[in-house]
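S.K.: Structure file coords.pdb, PDB, C-alpha atoms, is pasted below:
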```
ATOM      1  CA  MET V   1       0.000   0.000   0.000
ATOM      2  CA  GLY V   2       1.054   3.546  -0.646
ATOM      3  CA  ASP V   3      -0.852   6.355   1.079
ATOM      4  CA  LYS V   4      -2.511   5.861   4.445
ATOM      5  CA  LEU V   5      -5.434   8.086   5.414
ATOM      6  CA  PRO V   6      -8.011   8.063   8.213
ATOM      7  CA  PRO V   7     -10.311   4.998   7.995
ATOM      8  CA  THR V   8     -13.456   5.206   5.883
ATOM      9  CA  ASN V   9     -16.914   3.806   6.675
ATOM     10  CA  LYS V  10     -17.799   2.373   3.263
ATOM     11  CA  VAL V  11     -15.805   0.940   0.375
ATOM     12  CA  ASP V  12     -17.221   0.514  -3.133
ATOM     13  CA  ILE V  13     -16.148  -2.532  -5.145
ATOM     14  CA  TYR V  14     -15.568  -2.302  -8.897
ATOM     15  CA  TYR V  15     -14.369  -4.883 -11.404
ATOM     16  CA  SER V  16     -13.029  -2.448 -14.000
ATOM     17  CA  ALA V  17     -11.641   1.087 -13.910
ATOM     18  CA  SER V  18     -14.255   2.044 -16.517
ATOM     19  CA  GLU V  19     -17.007   1.403 -13.942
ATOM     20  CA  VAL V  20     -15.708   4.229 -11.722
ATOM     21  CA  LYS V  21     -17.612   7.381 -12.635
ATOM     22  CA  ARG V  22     -15.755   9.733 -10.274
ATOM     23  CA  VAL V  23     -12.297  11.250 -10.429
ATOM     24  CA  TYR V  24      -9.895   9.299  -8.223
ATOM     25  CA  LYS V  25      -6.280   8.594  -7.388
ATOM     26  CA  VAL V  26      -4.724   5.183  -6.786
ATOM     27  CA  MET V  27      -3.524   4.780  -3.206
ATOM     28  CA  GLY V  28      -1.911   1.398  -3.653
ATOM     29  CA  ARG V  29      -2.212  -2.154  -4.948
ATOM     30  CA  LEU V  30      -3.224  -5.356  -3.183
ATOM     31  CA  VAL V  31      -2.310  -8.895  -4.301
ATOM     32  CA  SER V  32      -3.718 -12.165  -2.993
ATOM     33  CA  HIS V  33      -2.748 -15.743  -3.870
ATOM     34  CA  LYS V  34      -4.788 -18.927  -3.389
ATOM     35  CA  TYR V  35      -8.181 -17.508  -2.694
ATOM     36  CA  ILE V  36     -11.894 -17.933  -2.362
ATOM     37  CA  LYS V  37     -13.173 -15.019  -4.415
ATOM     38  CA  SER V  38     -15.875 -13.816  -2.014
ATOM     39  CA  ALA V  39     -13.530 -13.966   0.993
ATOM     40  CA  ILE V  40     -10.770 -12.074  -0.815
ATOM     41  CA  GLU V  41     -13.173  -9.357  -1.967
ATOM     42  CA  HIS V  42     -14.341  -8.931   1.634
ATOM     43  CA  ASN V  43     -10.760  -8.865   2.974
ATOM     44  CA  MET V  44      -9.566  -6.391   0.318
ATOM     45  CA  ALA V  45     -12.514  -4.083   1.033
ATOM     46  CA  ALA V  46     -11.848  -4.291   4.785
ATOM     47  CA  PHE V  47      -8.157  -3.484   4.272
ATOM     48  CA  ALA V  48      -9.010  -0.554   1.988
ATOM     49  CA  LYS V  49     -11.466   0.782   4.571
ATOM     50  CA  LYS V  50      -8.799   0.595   7.295
ATOM     51  CA  GLU V  51      -6.291   2.442   5.069
ATOM     52  CA  GLY V  52      -8.755   5.212   4.162
ATOM     53  CA  GLY V  53      -9.685   4.056   0.657
ATOM     54  CA  ASP V  54     -13.055   4.821  -0.893
ATOM     55  CA  ALA V  55     -13.127   1.908  -3.336
ATOM     56  CA  VAL V  56     -11.348  -1.181  -4.616
ATOM     57  CA  ILE V  57     -10.970  -2.013  -8.303
ATOM     58  CA  ILE V  58     -10.570  -5.779  -8.540
ATOM     59  CA  MET V  59      -8.674  -6.803 -11.659
ATOM     60  CA  PRO V  60      -9.389  -9.944 -13.715
ATOM     61  CA  GLU V  61      -7.901 -13.113 -12.240
ATOM     62  CA  ALA V  62      -4.461 -13.994 -13.589
ATOM     63  CA  ASN V  63      -1.963 -16.707 -12.713
ATOM     64  CA  ASN V  64      -4.043 -17.979  -9.768
ATOM     65  CA  ARG V  65      -4.113 -14.635  -7.971
ATOM     66  CA  ILE V  66      -6.281 -11.548  -7.591
ATOM     67  CA  GLU V  67      -4.910  -8.007  -7.777
ATOM     68  CA  ALA V  68      -6.773  -4.864  -6.816
ATOM     69  CA  GLU V  69      -6.165  -1.139  -6.736
ATOM     70  CA  VAL V  70      -7.281   0.818  -3.685
ATOM     71  CA  ILE V  71      -8.554   4.229  -4.743
ATOM     72  CA  LYS V  72      -9.509   7.522  -3.111
ATOM     73  CA  TYR V  73     -12.113   9.766  -4.707
ATOM     74  CA  LYS V  74     -11.024  13.373  -5.306
TER      75      LYS V  74
END
```
Would you mind giving the structure from this file in structure tokens?

M.R.:
Amino acid sequence: MGDKLPPTNKVDIYYSASEVKRVYKVMGRLVSHKYIKSAIEHNMAAFAKKEGGDAVIIMPEANNRIEAEVIKYK
């Protein structure tokens, strides 16, 4: 993770950057290996909330892992 801000109360989950209709900056990137998709999404959202992120953009699965960008709306 890059930036750390005060915790947020709600984190939006997106599956493509094109779904985000607000201006934002990327705070950092998360990577998870060997996963159950629903559990990882929950854990990534919880981590983003703790770090002050407003949303998580979950990238398509690749090489048996999930990557996500934590973003902050401007």

S.K.: For CA of Phe47 (chain V) and CA of Ser32 (chain V), determine how far apart the two atoms are, in Å to one decimal place.

M.R.: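 The value is 12.2 Å.
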
S.K.: So, with all atoms listed in the file as the atoms that count, which of V:Val23, V:Leu30, V:Tyr35, V:Gly52 lies closest to Pro7 (chain V)?

M.R.: V:Gly52

S.K.: Fewer than 5 positions away in the same chain doesn't count, so skip those; otherwise give me all residues within 7 Å of region 64-66 of chain V, counting all atoms listed in the file, as a PyMOL selection string.

M.R.: chain V and resi 31-34+59

S.K.: Rank nothing, just name the residue among V:Met27, V:Ala68, V:Val20, V:Val11 nearest to Ala45 (chain V), using all atoms listed in the file.

M.R.: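 Answer, going by the shortest atom-to-atom distance: V:Val11.
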
S.K.: Separation of CA of Asn43 (chain V) and CA of Ile13 (chain V), in Å?

M.R.: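 CA of Asn43 (chain V) sits 11.6 Å away from CA of Ile13 (chain V).
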
S.K.: What do you get, as a list in words, if you spell out every residue that the PyMOL selection byres ((chain V and resi 72) around 8) selects here?

M.R.: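 Checking the PyMOL selection byres ((chain V and resi 72) around 8) against this file, the residues are Tyr24, Lys25, Val26, Met27, Gly52, Gly53, Asp54, Ala55, Val70, Ile71, Tyr73 and Lys74 of chain V.
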
S.K.: Taking (-11.6, -5.8, -9.3) in the file's coordinates, which residues come within 7 Å, counting only C-alpha atoms, written as a list in words?

M.R.: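 Collected hits near the coordinates: Ile13, Tyr14, Tyr15, Ser16, Val56, Ile57, Ile58, Met59, Pro60 and Ala68 of chain V.
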
S.K.: For this file, the PyMOL selection byres ((chain V and resi 5) around 6) selects which residues, as an MDAnalysis selection string?

M.R.: chainID V and resid 4 6 51:52

S.K.: What does the structure give for the distance between CA of Ala39 (chain V) and CA of Glu67 (chain V), in Å to one decimal?

M.R.: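 About the pair CA of Ala39 (chain V) and CA of Glu67 (chain V): they are 13.7 Å apart.
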